[in-house]
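Peer 1: Compact mmCIF, C-alpha atoms and all ligand atoms, file entry_2.txt:
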```
# COMPACT_ATOMS: atom_id res chain seq x y z
CA MET A 1 14.83 11.11 20.74
CA VAL A 2 11.08 11.68 20.65
CA LYS A 3 9.52 8.31 21.38
CA VAL A 4 8.02 6.63 18.32
CA VAL A 5 5.29 4.34 19.63
CA LEU A 6 3.56 1.87 17.30
CA LYS A 7 1.44 0.55 20.15
CA GLU A 8 2.16 0.72 23.88
CA GLY A 9 5.34 -1.29 24.48
CA VAL A 10 6.31 -1.42 20.79
CA ASN A 11 8.75 1.33 19.81
CA TRP A 12 10.70 2.28 16.71
CA VAL A 13 14.40 2.54 17.62
CA GLY A 14 15.82 2.82 14.09
CA VAL A 15 17.79 5.57 12.37
CA VAL A 16 17.28 7.97 9.47
CA ASP A 17 19.94 8.04 6.73
CA TRP A 18 19.02 11.44 5.27
CA ASN A 19 21.83 11.72 2.78
CA ILE A 20 22.33 8.32 1.22
CA ARG A 21 21.93 8.76 -2.52
CA ASP A 22 23.30 5.44 -3.80
CA PHE A 23 22.08 2.25 -2.16
CA HIS A 24 24.16 -0.46 -3.87
CA GLY A 25 23.45 1.18 -7.22
CA TYR A 26 19.81 2.11 -6.52
CA ILE A 27 19.61 5.90 -6.59
CA THR A 28 17.85 7.00 -3.39
CA ASN A 29 16.88 10.59 -4.08
CA ARG A 30 14.98 10.90 -0.82
CA GLY A 31 17.45 9.05 1.45
CA SER A 32 16.37 6.09 3.54
CA THR A 33 15.84 4.76 7.05
CA TYR A 34 16.90 1.53 8.75
CA ASN A 35 14.07 0.56 11.05
CA ALA A 36 14.54 -1.50 14.19
CA TYR A 37 11.88 -2.12 16.80
CA LEU A 38 11.99 -2.73 20.55
CA ILE A 39 9.16 -4.75 22.10
CA SER A 40 8.99 -4.38 25.87
CA ASP A 41 7.01 -6.97 27.81
CA GLU A 42 7.98 -9.37 30.62
CA LYS A 43 10.71 -10.23 28.13
CA ILE A 44 12.28 -7.64 25.82
CA ALA A 45 12.86 -8.28 22.13
CA LEU A 46 14.74 -6.23 19.56
CA VAL A 47 13.65 -6.78 15.97
CA ASP A 48 16.52 -6.15 13.52
CA THR A 49 19.41 -3.72 13.85
CA VAL A 50 20.79 -1.03 11.50
CA LYS A 51 23.72 -0.29 9.19
CA SER A 52 26.93 -0.30 11.23
CA ALA A 53 27.69 3.38 10.55
CA PHE A 54 24.62 4.18 12.67
CA CYS A 55 25.22 1.62 15.43
CA ASN A 56 25.84 4.23 18.15
CA GLU A 57 22.59 5.96 17.32
CA LEU A 58 20.75 2.64 17.59
CA ILE A 59 22.36 2.02 20.99
CA GLU A 60 21.24 5.48 22.17
CA HIS A 61 17.69 4.88 21.00
CA ILE A 62 17.48 1.49 22.71
CA SER A 63 19.09 2.82 25.88
CA GLU A 64 16.38 5.45 26.26
CA LEU A 65 13.91 2.58 26.69
CA ALA A 66 15.90 -0.31 28.17
CA ASN A 67 19.30 -1.37 29.38
CA LEU A 68 20.78 -3.46 26.58
CA GLU A 69 21.71 -6.17 29.06
CA LYS A 70 17.99 -6.60 29.73
CA ILE A 71 17.22 -7.55 26.12
CA ASP A 72 16.13 -11.20 26.03
CA TYR A 73 15.85 -11.74 22.28
CA ILE A 74 17.26 -10.24 19.11
CA ILE A 75 15.17 -11.21 16.10
CA VAL A 76 17.02 -11.14 12.78
CA ASN A 77 14.40 -10.98 10.06
CA HIS A 78 17.03 -10.54 7.33
CA VAL A 79 20.83 -10.65 7.19
CA GLU A 80 21.57 -8.08 4.46
CA MET A 81 24.04 -5.69 6.03
CA ASP A 82 21.78 -2.64 6.16
CA HIS A 83 19.88 -4.55 8.86
CA SER A 84 22.54 -6.70 10.48
CA SER A 85 25.94 -5.00 10.36
CA SER A 86 25.40 -3.55 13.86
CA LEU A 87 24.53 -6.99 15.19
CA PRO A 88 28.04 -8.07 16.26
CA VAL A 89 28.31 -4.96 18.49
CA ILE A 90 24.70 -5.13 19.73
CA ALA A 91 25.03 -8.85 20.49
CA LYS A 92 28.05 -8.16 22.72
CA LEU A 93 26.22 -5.40 24.62
CA ALA A 94 22.98 -7.37 24.84
CA LYS A 95 24.96 -10.24 26.29
CA ASN A 96 21.93 -12.03 27.74
CA ALA A 97 19.97 -12.05 24.50
CA LYS A 98 19.24 -15.10 22.41
CA ILE A 99 19.52 -14.41 18.71
CA ILE A 100 16.72 -15.80 16.57
CA SER A 101 16.55 -16.15 12.79
CA SER A 102 15.42 -18.53 10.08
CA GLN A 103 17.70 -21.51 9.33
CA ARG A 104 19.04 -19.75 6.25
CA GLY A 105 19.44 -16.63 8.33
CA LYS A 106 21.68 -18.52 10.75
CA GLU A 107 23.82 -19.80 7.88
CA ALA A 108 24.11 -16.27 6.48
CA LEU A 109 24.95 -14.78 9.89
CA ILE A 110 27.81 -17.26 10.32
CA LYS A 111 29.11 -16.46 6.81
CA HIS A 112 28.91 -12.72 7.46
CA TYR A 113 30.08 -12.51 11.07
CA GLY A 114 31.76 -15.76 11.99
CA SER A 115 31.33 -18.75 14.25
CA ASP A 116 30.09 -16.71 17.24
CA PHE A 117 26.75 -16.98 15.48
CA ASN A 118 26.65 -20.78 15.78
CA VAL A 119 24.51 -20.15 18.86
CA VAL A 120 21.67 -18.57 16.85
CA GLU A 121 18.34 -20.32 17.45
CA THR A 122 16.27 -20.95 14.37
CA VAL A 123 12.54 -20.68 13.80
CA LYS A 124 10.22 -21.62 10.98
CA THR A 125 6.77 -20.59 9.82
CA GLY A 126 4.20 -20.91 12.61
CA ASP A 127 6.71 -20.98 15.48
CA GLU A 128 5.82 -18.67 18.34
CA LEU A 129 7.75 -16.95 21.09
CA LYS A 130 5.99 -15.75 24.25
CA LEU A 131 7.23 -12.44 25.63
CA GLY A 132 4.61 -12.15 28.39
CA LYS A 133 1.33 -10.61 27.31
CA ARG A 134 2.60 -10.65 23.75
CA THR A 135 3.39 -13.44 21.35
CA LEU A 136 5.73 -13.24 18.37
CA ARG A 137 4.83 -15.47 15.45
CA PHE A 138 7.31 -16.09 12.66
CA ILE A 139 6.58 -16.44 8.96
CA GLU A 140 9.42 -17.47 6.65
CA ALA A 141 9.49 -15.45 3.43
CA PRO A 142 12.29 -16.99 1.34
CA MET A 143 13.39 -14.84 -1.61
CA LEU A 144 11.47 -11.80 -0.40
CA HIS A 145 14.05 -10.86 -1.16
CA TRP A 146 16.86 -13.10 0.17
CA PRO A 147 16.67 -16.81 1.06
CA ASP A 148 16.83 -15.95 4.77
CA SER A 149 14.03 -13.36 4.79
CA MET A 150 11.42 -13.73 7.49
CA PHE A 151 8.42 -11.76 8.82
CA THR A 152 7.71 -11.31 12.54
CA TYR A 153 4.09 -10.81 13.60
CA ILE A 154 3.04 -9.56 17.04
CA VAL A 155 -0.20 -11.46 17.57
CA GLU A 156 -1.86 -9.36 20.27
CA ASP A 157 -0.89 -6.00 18.71
CA LYS A 158 -1.66 -7.13 15.14
CA ILE A 159 1.64 -5.68 13.93
CA LEU A 160 3.45 -7.26 10.98
CA MET A 161 7.20 -6.62 10.71
CA PRO A 162 8.03 -7.86 7.20
CA ASN A 163 11.53 -6.40 6.95
CA ASP A 164 12.24 -5.25 3.36
CA ALA A 165 8.77 -6.04 2.01
CA PHE A 166 6.49 -2.98 1.83
CA GLY A 167 9.46 -0.68 2.48
CA GLN A 168 10.51 2.55 0.83
CA HIS A 169 13.79 4.43 0.65
CA PHE A 170 12.25 7.55 2.14
CA ALA A 171 13.92 9.70 4.82
CA GLY A 172 12.01 12.29 6.78
CA THR A 173 10.74 13.31 10.18
CA GLY A 174 7.43 11.46 9.76
CA ARG A 175 7.62 7.86 10.94
CA PHE A 176 4.09 6.88 9.90
CA ASN A 177 2.33 6.97 6.54
CA ASP A 178 -0.25 9.46 7.85
CA GLU A 179 2.56 11.93 8.62
CA VAL A 180 4.03 12.23 5.11
CA ASP A 181 2.94 13.31 1.64
CA GLU A 182 1.00 10.37 0.22
CA CYS A 183 2.05 10.96 -3.43
CA GLU A 184 5.75 11.08 -2.52
CA LEU A 185 5.34 7.98 -0.37
CA MET A 186 3.62 5.91 -3.05
CA GLU A 187 6.20 7.09 -5.61
CA GLU A 188 8.99 5.78 -3.36
CA ALA A 189 7.11 2.56 -2.58
CA GLN A 190 6.71 1.96 -6.34
CA THR A 191 10.39 2.70 -7.03
CA TYR A 192 11.38 0.32 -4.23
CA TYR A 193 9.11 -2.44 -5.50
CA ALA A 194 10.32 -2.01 -9.11
CA ASN A 195 14.02 -2.03 -8.25
CA ILE A 196 14.13 -4.62 -5.46
CA LEU A 197 11.10 -6.87 -5.53
CA MET A 198 10.08 -7.04 -9.20
CA PRO A 199 11.95 -10.33 -9.91
CA PHE A 200 9.99 -12.03 -7.14
CA ALA A 201 6.48 -11.02 -8.31
CA PRO A 202 4.98 -14.56 -8.29
CA LEU A 203 6.37 -15.20 -4.80
CA ILE A 204 4.92 -11.92 -3.55
CA THR A 205 1.45 -12.79 -4.81
CA ARG A 206 1.70 -16.22 -3.16
CA LYS A 207 3.06 -14.88 0.13
CA ILE A 208 0.30 -12.28 0.42
CA GLN A 209 -2.29 -15.00 -0.31
CA GLU A 210 -0.64 -17.22 2.32
CA VAL A 211 -0.77 -14.45 4.95
CA VAL A 212 -4.42 -13.73 4.06
CA GLN A 213 -5.24 -17.45 4.41
CA MET A 214 -3.62 -17.45 7.84
CA GLY A 215 -6.44 -15.09 8.78
CA ILE A 216 -4.18 -12.82 10.76
CA PRO A 217 -5.57 -9.33 11.28
CA ILE A 218 -3.13 -6.52 10.51
CA ASP A 219 -3.41 -3.10 12.15
CA ILE A 220 0.12 -1.95 11.33
CA ILE A 221 2.80 -2.95 8.81
CA ALA A 222 6.22 -1.94 10.09
CA PRO A 223 8.85 -2.50 7.38
CA SER A 224 12.60 -2.10 7.73
CA HIS A 225 12.84 0.98 5.47
CA GLY A 226 10.84 4.18 5.33
CA VAL A 227 7.57 4.90 7.04
CA ILE A 228 5.29 2.56 8.98
CA TRP A 229 1.91 1.81 7.41
CA ARG A 230 -0.53 2.72 10.21
CA LYS A 231 -3.38 4.35 8.29
CA ASP A 232 -5.08 1.88 5.93
CA PRO A 233 -2.26 -0.70 5.73
CA LEU A 234 -4.34 -2.54 3.14
CA LYS A 235 -3.36 0.19 0.66
CA ILE A 236 0.21 -1.02 0.30
CA ILE A 237 -0.89 -4.67 0.21
CA THR A 238 -3.30 -3.82 -2.62
CA ALA A 239 -0.55 -1.92 -4.44
CA TYR A 240 1.79 -4.94 -4.13
CA LEU A 241 -0.89 -7.28 -5.46
CA ASN A 242 -1.39 -4.92 -8.39
CA TRP A 243 2.32 -4.53 -9.17
CA SER A 244 3.05 -8.24 -8.78
CA SER A 245 0.15 -9.11 -11.11
CA GLY A 246 2.03 -7.30 -13.91
CA ALA A 247 -0.90 -4.90 -14.45
CA ALA A 248 0.11 -2.34 -17.08
CA LYS A 249 -1.35 0.84 -18.57
CA GLN A 250 -1.51 1.80 -22.24
CA LYS A 251 1.93 3.26 -21.78
CA ALA A 252 5.27 2.92 -23.55
CA VAL A 253 8.73 3.78 -22.29
CA VAL A 254 11.14 4.80 -25.04
CA VAL A 255 14.61 4.52 -23.54
CA PHE A 256 17.73 5.28 -25.51
CA ASP A 257 21.17 6.80 -25.69
CA THR A 258 22.73 8.69 -28.53
CA MET A 259 26.17 9.82 -29.76
CA TRP A 260 25.54 12.36 -32.55
CA GLY A 261 21.76 12.66 -32.30
CA SER A 262 20.68 9.99 -34.83
CA THR A 263 19.23 7.56 -32.28
CA ASP A 264 17.67 10.58 -30.54
CA LYS A 265 15.85 11.53 -33.78
CA MET A 266 14.61 7.95 -34.15
CA ALA A 267 13.47 7.85 -30.51
CA ARG A 268 11.46 11.05 -30.97
CA ALA A 269 9.84 9.75 -34.16
CA ILE A 270 8.76 6.55 -32.38
CA ALA A 271 7.55 8.48 -29.31
CA ASP A 272 5.55 10.93 -31.47
CA SER A 273 3.97 8.06 -33.33
CA LEU A 274 2.98 6.30 -30.09
CA ALA A 275 1.63 9.49 -28.54
CA GLY A 276 -0.34 10.25 -31.71
CA ALA A 277 -1.94 6.82 -31.37
CA GLY A 278 -3.15 7.71 -27.88
CA VAL A 279 -0.46 5.88 -25.89
CA GLU A 280 1.09 7.51 -22.79
CA VAL A 281 4.80 7.89 -23.54
CA LYS A 282 7.91 8.47 -21.47
CA LEU A 283 11.00 9.34 -23.51
CA LEU A 284 14.10 8.76 -21.40
CA LYS A 285 17.73 9.25 -22.37
CA LEU A 286 19.98 7.01 -20.32
CA ARG A 287 22.63 9.60 -19.55
CA ALA A 288 19.87 11.92 -18.26
CA THR A 289 17.85 9.38 -16.27
CA ASP A 290 19.21 6.78 -13.89
CA ASN A 291 18.34 3.11 -14.41
CA THR A 292 16.46 3.25 -11.06
CA ASP A 293 13.95 5.74 -12.45
CA VAL A 294 13.72 4.09 -15.87
CA VAL A 295 12.78 0.79 -14.21
CA THR A 296 10.12 2.54 -12.10
CA GLU A 297 8.54 3.91 -15.29
CA ILE A 298 8.66 0.46 -16.88
CA LEU A 299 6.77 -1.19 -14.01
CA ASP A 300 3.32 -0.09 -15.23
CA ALA A 301 4.14 0.24 -18.97
CA LYS A 302 2.88 -2.22 -21.56
CA ALA A 303 5.78 -1.65 -23.99
CA VAL A 304 9.46 -0.81 -23.75
CA VAL A 305 11.27 0.48 -26.84
CA VAL A 306 15.05 0.60 -26.56
CA GLY A 307 17.43 2.48 -28.87
CA SER A 308 21.20 2.48 -29.13
CA PRO A 309 23.87 3.78 -31.45
CA THR A 310 26.54 1.32 -32.52
CA LEU A 311 29.93 1.90 -30.92
CA ASN A 312 32.78 -0.39 -31.98
CA ASN A 313 30.28 -2.91 -33.42
CA GLN A 314 28.40 -3.16 -30.13
CA MET A 315 25.58 -1.42 -28.32
CA PHE A 316 26.41 1.76 -26.41
CA PRO A 317 27.72 1.05 -22.86
CA THR A 318 24.85 2.82 -21.06
CA VAL A 319 22.34 0.72 -23.01
CA SER A 320 24.28 -2.43 -22.17
CA SER A 321 24.19 -1.45 -18.49
CA PHE A 322 20.46 -0.78 -18.65
CA LEU A 323 19.72 -4.11 -20.37
CA THR A 324 21.84 -6.01 -17.85
CA TYR A 325 19.85 -4.36 -15.05
CA ILE A 326 16.38 -4.81 -16.55
CA THR A 327 16.87 -8.42 -17.68
CA GLY A 328 17.90 -9.25 -14.09
CA LEU A 329 14.70 -7.67 -12.78
CA LYS A 330 12.65 -9.93 -15.10
CA PRO A 331 9.66 -7.70 -15.88
CA LYS A 332 6.76 -9.81 -17.11
CA GLY A 333 4.26 -9.31 -19.92
CA LYS A 334 5.93 -6.38 -21.71
CA ILE A 335 6.25 -5.87 -25.45
CA TRP A 336 9.84 -5.07 -26.39
CA GLY A 337 11.00 -3.17 -29.47
CA PHE A 338 14.53 -2.20 -30.53
CA PHE A 339 15.99 0.45 -32.82
CA GLY A 340 19.35 2.04 -33.43
CA SER A 341 21.79 3.75 -35.71
CA TYR A 342 25.18 2.80 -37.07
CA GLY A 343 27.93 4.13 -39.30
CA TRP A 344 29.20 1.09 -41.17
CA GLY A 345 29.12 -2.45 -39.70
CA GLY A 346 26.26 -2.11 -37.21
CA GLY A 347 25.80 -4.42 -34.23
CA ALA A 348 23.82 -2.54 -31.56
CA VAL A 349 20.36 -3.70 -32.62
CA ARG A 350 21.56 -7.27 -33.16
CA ASP A 351 23.09 -7.40 -29.67
CA MET A 352 20.07 -5.83 -27.95
CA VAL A 353 17.63 -8.24 -29.60
CA GLU A 354 19.84 -11.21 -28.74
CA MET A 355 20.05 -10.15 -25.09
CA ALA A 356 16.29 -9.58 -24.83
CA LYS A 357 15.46 -12.93 -26.41
CA LYS A 358 17.89 -14.71 -24.12
CA ALA A 359 16.01 -13.15 -21.19
CA GLY A 360 12.75 -14.52 -22.59
CA PHE A 361 11.31 -11.11 -23.54
CA GLU A 362 8.65 -10.87 -26.27
CA VAL A 363 10.45 -8.95 -29.03
CA LEU A 364 8.57 -7.21 -31.82
CA GLU A 365 10.41 -7.72 -35.12
CA PRO A 366 11.73 -6.55 -37.43
CA SER A 367 13.64 -3.92 -35.48
CA VAL A 368 14.45 -0.57 -37.05
CA ASP A 369 17.87 0.81 -37.86
CA ALA A 370 19.32 3.78 -39.71
CA LYS A 371 22.70 4.43 -41.31
CA TYR A 372 24.58 7.52 -40.10
CA VAL A 373 21.74 10.06 -39.93
CA PRO A 374 18.15 8.84 -40.41
CA ASP A 375 16.64 10.14 -43.64
CA LYS A 376 12.96 10.68 -44.37
CA GLU A 377 12.40 7.06 -45.29
CA GLU A 378 14.13 5.75 -42.16
CA LEU A 379 12.17 8.15 -39.96
CA LYS A 380 8.98 6.89 -41.65
CA LYS A 381 10.04 3.37 -40.62
CA CYS A 382 10.37 4.63 -37.03
CA PHE A 383 6.89 6.15 -37.24
CA ASP A 384 5.46 2.89 -38.58
CA PHE A 385 7.25 0.96 -35.82
CA GLY A 386 5.56 3.24 -33.26
CA GLN A 387 2.17 2.56 -34.86
CA GLN A 388 2.79 -1.19 -34.80
CA ILE A 389 3.71 -1.06 -31.09
CA ALA A 390 0.65 1.08 -30.33
CA GLN A 391 -1.57 -1.54 -32.01
CA LYS A 392 -0.02 -4.27 -29.89
CA ILE A 393 -0.49 -2.19 -26.74
CA LYS A 394 -4.14 -1.58 -27.52
CA ALA A 395 -4.90 -5.13 -28.69
FE1 LIG L 1 17.07 -3.61 3.34
FE2 LIG L 1 17.61 -6.63 1.82
O1 LIG L 1 18.03 -5.17 2.91
```
Written as structure tokens, how would this file's structure read?

Peer 2:
Amino acid sequence: MVKVVLKEGVNWVGVVDWNIRDFHGYITNRGSTYNAYLISDEKIALVDTVKSAFCNELIEHISELANLEKIDYIIVNHVEMDHSSSLPVIAKLAKNAKIISSQRGKEALIKHYGSDFNVVETVKTGDELKLGKRTLRFIEAPMLHWPDSMFTYIVEDKILMPNDAFGQHFAGTGRFNDEVDECELMEEAQTYYANILMPFAPLITRKIQEVVQMGIPIDIIAPSHGVIWRKDPLKIITAYLNWSSGAAKQKAVVVFDTMWGSTDKMARAIADSLAGAGVEVKLLKLRATDNTDVVTEILDAKAVVVGSPTLNNQMFPTVSSFLTYITGLKPKGKIWGFFGSYGWGGGAVRDMVEMAKKAGFEVLEPSVDAKYVPDKEELKKCFDFGQQIAQKIKA
């Protein structure tokens, strides 16, 4: 492997998963990477491991730099299996290494891999570990995005290793942000934030403020997925502050599904009305666009308008799936509108509104519905609904 050097003595030893397209339901169109780092000083530390399917590749990459038996510490920043499922094998080979994690990390390691991990040593925010010339400082980051999550900071090199935070599912040959297309990179960083970190927005704002208050200089941010932020690392921090603030454009996402085209007609009438009022619109049919991409579009939208036909007195299954996903991600500060069509009893609009209210969303009422095929009057109601939403967006 060509050596990937962050700074002298700090190497990337991770792997590239070029062809993963479904990461526990998140559609990863550009693949991913699992980043691990080897820090070589008087003592040697490995920060994180990789998904078990790539364990041999990780061993090869480490072996090019050090004998695994010479590793003194394995730092587990996060126990989710994309970063830890190689650990049982690595821990056996690196038989002289102490394993270090947060307290919750230790508990999770024991639950995942058994009582061998009772020996894990725990650290908390502010604890330091001397490697020789270098010092590792630990910063707990609970719920970013698991309870065990932790950042490792190399004091002398000014390198922050925040695990999942600031990551992207982005495979490629470039390991650093100045080696890849910036638009593609920011697109993937936004998708990653929207689909993984959105529920934790207030914690993200607070954690960034906490790190800033610590006064620690940062030259490099080395996350556990995607490229390493070497050129202007402040860019991704600024983007996170912006996303976590809930900042939104004058934009609406009209998301729907349809059986015989009636809800489609309504969606287009609403979208046309919004666009005519000067609002940026994305019109997304759920069986044409994955939830992953819908959520990314919603991140910077002020309004979300959801449409469903009624099937067996309920909302359509794809809409139900979408609402389950988006209510879990807890987007803040959006205006929500609902519309739909039905043949006889109805039920889709009622169910969608109920679900949105239960999630605490601000719902614009009354909703709009149409029987069988929307007539002129019902399409006019859709147009008026679009105008009403546009007014709210622009207020
Ligand atoms: Fe990349 Fe939470 O694991």

Peer 1: Could you work out how far CA of Leu6 in chain A lies from CA of Ile154 in chain A, giving the answer in Å with one decimal?

Peer 2: 11.4 Å

Peer 1: Using all atoms listed in the file, what does the table of chain A residues within 9 Å of ligand LIG 1 (chain L) look like, with each row giving the shortest atom pair and its distance in Å to one decimal, sorted by chain and ascending number, as a Markdown table?

Peer 2:
```
| residue | atom | partner | partner_atom | distance |
| --- | --- | --- | --- | --- |
| A:Tyr34 | CA | L:LIG1 | FE1 | 7.5 |
| A:His78 | CA | L:LIG1 | FE2 | 6.8 |
| A:Val79 | CA | L:LIG1 | FE2 | 7.4 |
| A:Glu80 | CA | L:LIG1 | O1 | 4.8 |
| A:Met81 | CA | L:LIG1 | O1 | 6.8 |
| A:Asp82 | CA | L:LIG1 | O1 | 5.6 |
| A:His83 | CA | L:LIG1 | O1 | 6.3 |
| A:Ser84 | CA | L:LIG1 | O1 | 8.9 |
| A:Leu144 | CA | L:LIG1 | FE2 | 8.3 |
| A:His145 | CA | L:LIG1 | FE2 | 6.3 |
| A:Trp146 | CA | L:LIG1 | FE2 | 6.7 |
| A:Ser149 | CA | L:LIG1 | FE2 | 8.2 |
| A:Asn163 | CA | L:LIG1 | FE1 | 7.2 |
| A:Asp164 | CA | L:LIG1 | FE1 | 5.1 |
| A:Ala165 | CA | L:LIG1 | FE1 | 8.8 |
| A:Gly167 | CA | L:LIG1 | FE1 | 8.2 |
| A:Ile196 | CA | L:LIG1 | FE2 | 8.3 |
| A:Ser224 | CA | L:LIG1 | FE1 | 6.4 |
| A:His225 | CA | L:LIG1 | FE1 | 6.6 |
```

Peer 1: Hey, which of A:Ser101, A:Gln250, A:Gln314, A:Ser262 ends up closest to Pro374 in chain A? Count all atoms listed in the file.

Peer 2: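 When distances to Pro374 in chain A are compared using all atoms listed in the file, the smallest one comes from A:Ser262.
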
Peer 1: To one decimal in Å, tell me the separation between CA of Phe256 in chain A and CA of Gly307 in chain A.

Peer 2: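 If I compute the distance from CA of Phe256 in chain A to CA of Gly307 in chain A, I get 4.4 Å.
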
Peer 1: Compare A:Lys158, A:Arg175, A:Asp219, A:Ala239 by their minimum atom-to-atom distance to Ala189 in chain A, counting all atoms listed in the file, and give me the closest one.

Peer 2: A:Ala239

Peer 1: Considering all atoms listed in the file, can you say which of A:Thr318, A:Leu379, A:Ser308, A:Gly346 comes closest to Trp260 in chain A?

Peer 2: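 Of all the options, A:Ser308 lies closest to Trp260 in chain A.
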
Peer 1: Select, from A:Tyr193, A:Ala301, A:Ile389, A:Lys358, the residue with the minimum atom-to-atom distance to Phe338 in chain A, counting only C-alpha atoms.

Peer 2: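 With only C-alpha atoms as the atom set, the closest residue is A:Ile389.
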
Peer 1: Near range 271-288 of chain A, counting all atoms listed in the file, which residues have an atom at most 7 Å away, once you skip same-chain residues fewer than 4 positions from it, shown as a PyMOL selection string?

Peer 2: chain A and resi 250-257+267+318+383+386-387+390

Peer 1: Which residue out of A:Arg206, A:Lys92, A:Arg230, A:Lys392 has the minimum interatomic distance to Ser245 in chain A when only C-alpha atoms are used?

Peer 2: A:Arg206

Peer 1: Separation of CA of Pro309 in chain A and CA of Ala348 in chain A, in Å?

Peer 2: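 About the pair CA of Pro309 in chain A and CA of Ala348 in chain A: they are 6.3 Å apart.
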
Peer 1: Would you save range 364-380 of chain A to a file, keeping N, CA and C atoms, as an mmCIF file, in the first residue's frame?

Peer 2:
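selection.cif written:
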```
data_model
loop_
_atom_site.group_PDB
_atom_site.id
_atom_site.type_symbol
_atom_site.label_atom_id
_atom_site.label_comp_id
_atom_site.auth_asym_id
_atom_site.auth_seq_id
_atom_site.Cartn_x
_atom_site.Cartn_y
_atom_site.Cartn_z
ATOM 1 N N LEU A 364 -49.383 22.208 9.020
ATOM 2 C CA LEU A 364 -50.252 23.235 8.462
ATOM 3 C C LEU A 364 -51.598 22.587 8.114
ATOM 4 N N GLU A 365 -52.673 23.116 8.694
ATOM 5 C CA GLU A 365 -53.996 22.518 8.447
ATOM 6 C C GLU A 365 -54.950 23.590 7.944
ATOM 7 N N PRO A 366 -56.018 23.224 7.246
ATOM 8 C CA PRO A 366 -56.387 21.850 6.934
ATOM 9 C C PRO A 366 -55.528 21.259 5.815
ATOM 10 N N SER A 367 -55.416 19.934 5.839
ATOM 11 C CA SER A 367 -54.731 19.218 4.765
ATOM 12 C C SER A 367 -55.649 19.200 3.538
ATOM 13 N N VAL A 368 -55.134 18.646 2.450
ATOM 14 C CA VAL A 368 -55.931 18.613 1.218
ATOM 15 C C VAL A 368 -56.112 17.169 0.782
ATOM 16 N N ASP A 369 -57.355 16.815 0.426
ATOM 17 C CA ASP A 369 -57.525 15.478 -0.156
ATOM 18 C C ASP A 369 -58.468 15.521 -1.350
ATOM 19 N N ALA A 370 -58.420 14.458 -2.124
ATOM 20 C CA ALA A 370 -59.240 14.386 -3.345
ATOM 21 C C ALA A 370 -59.798 12.981 -3.484
ATOM 22 N N LYS A 371 -61.053 12.908 -3.977
ATOM 23 C CA LYS A 371 -61.688 11.590 -4.150
ATOM 24 C C LYS A 371 -61.421 11.058 -5.565
ATOM 25 N N TYR A 372 -61.015 9.818 -5.634
ATOM 26 C CA TYR A 372 -60.648 9.166 -6.906
ATOM 27 C C TYR A 372 -59.640 10.005 -7.681
ATOM 28 N N VAL A 373 -60.121 10.781 -8.651
ATOM 29 C CA VAL A 373 -59.206 11.588 -9.471
ATOM 30 C C VAL A 373 -59.488 13.065 -9.180
ATOM 31 N N PRO A 374 -58.460 13.860 -8.848
ATOM 32 C CA PRO A 374 -58.738 15.253 -8.489
ATOM 33 C C PRO A 374 -59.353 16.036 -9.658
ATOM 34 N N ASP A 375 -60.484 16.689 -9.368
ATOM 35 C CA ASP A 375 -61.100 17.534 -10.400
ATOM 36 C C ASP A 375 -60.523 18.939 -10.302
ATOM 37 N N LYS A 376 -61.082 19.838 -11.122
ATOM 38 C CA LYS A 376 -60.563 21.201 -11.198
ATOM 39 C C LYS A 376 -60.574 21.886 -9.835
ATOM 40 N N GLU A 377 -61.681 21.682 -9.125
ATOM 41 C CA GLU A 377 -61.830 22.332 -7.820
ATOM 42 C C GLU A 377 -60.813 21.789 -6.810
ATOM 43 N N GLU A 378 -60.603 20.478 -6.849
ATOM 44 C CA GLU A 378 -59.634 19.871 -5.917
ATOM 45 C C GLU A 378 -58.201 20.279 -6.274
ATOM 46 N N LEU A 379 -57.922 20.404 -7.560
ATOM 47 C CA LEU A 379 -56.578 20.866 -7.952
ATOM 48 C C LEU A 379 -56.371 22.329 -7.557
ATOM 49 N N LYS A 380 -57.467 23.110 -7.592
ATOM 50 C CA LYS A 380 -57.378 24.516 -7.138
ATOM 51 C C LYS A 380 -57.039 24.542 -5.640
#
```
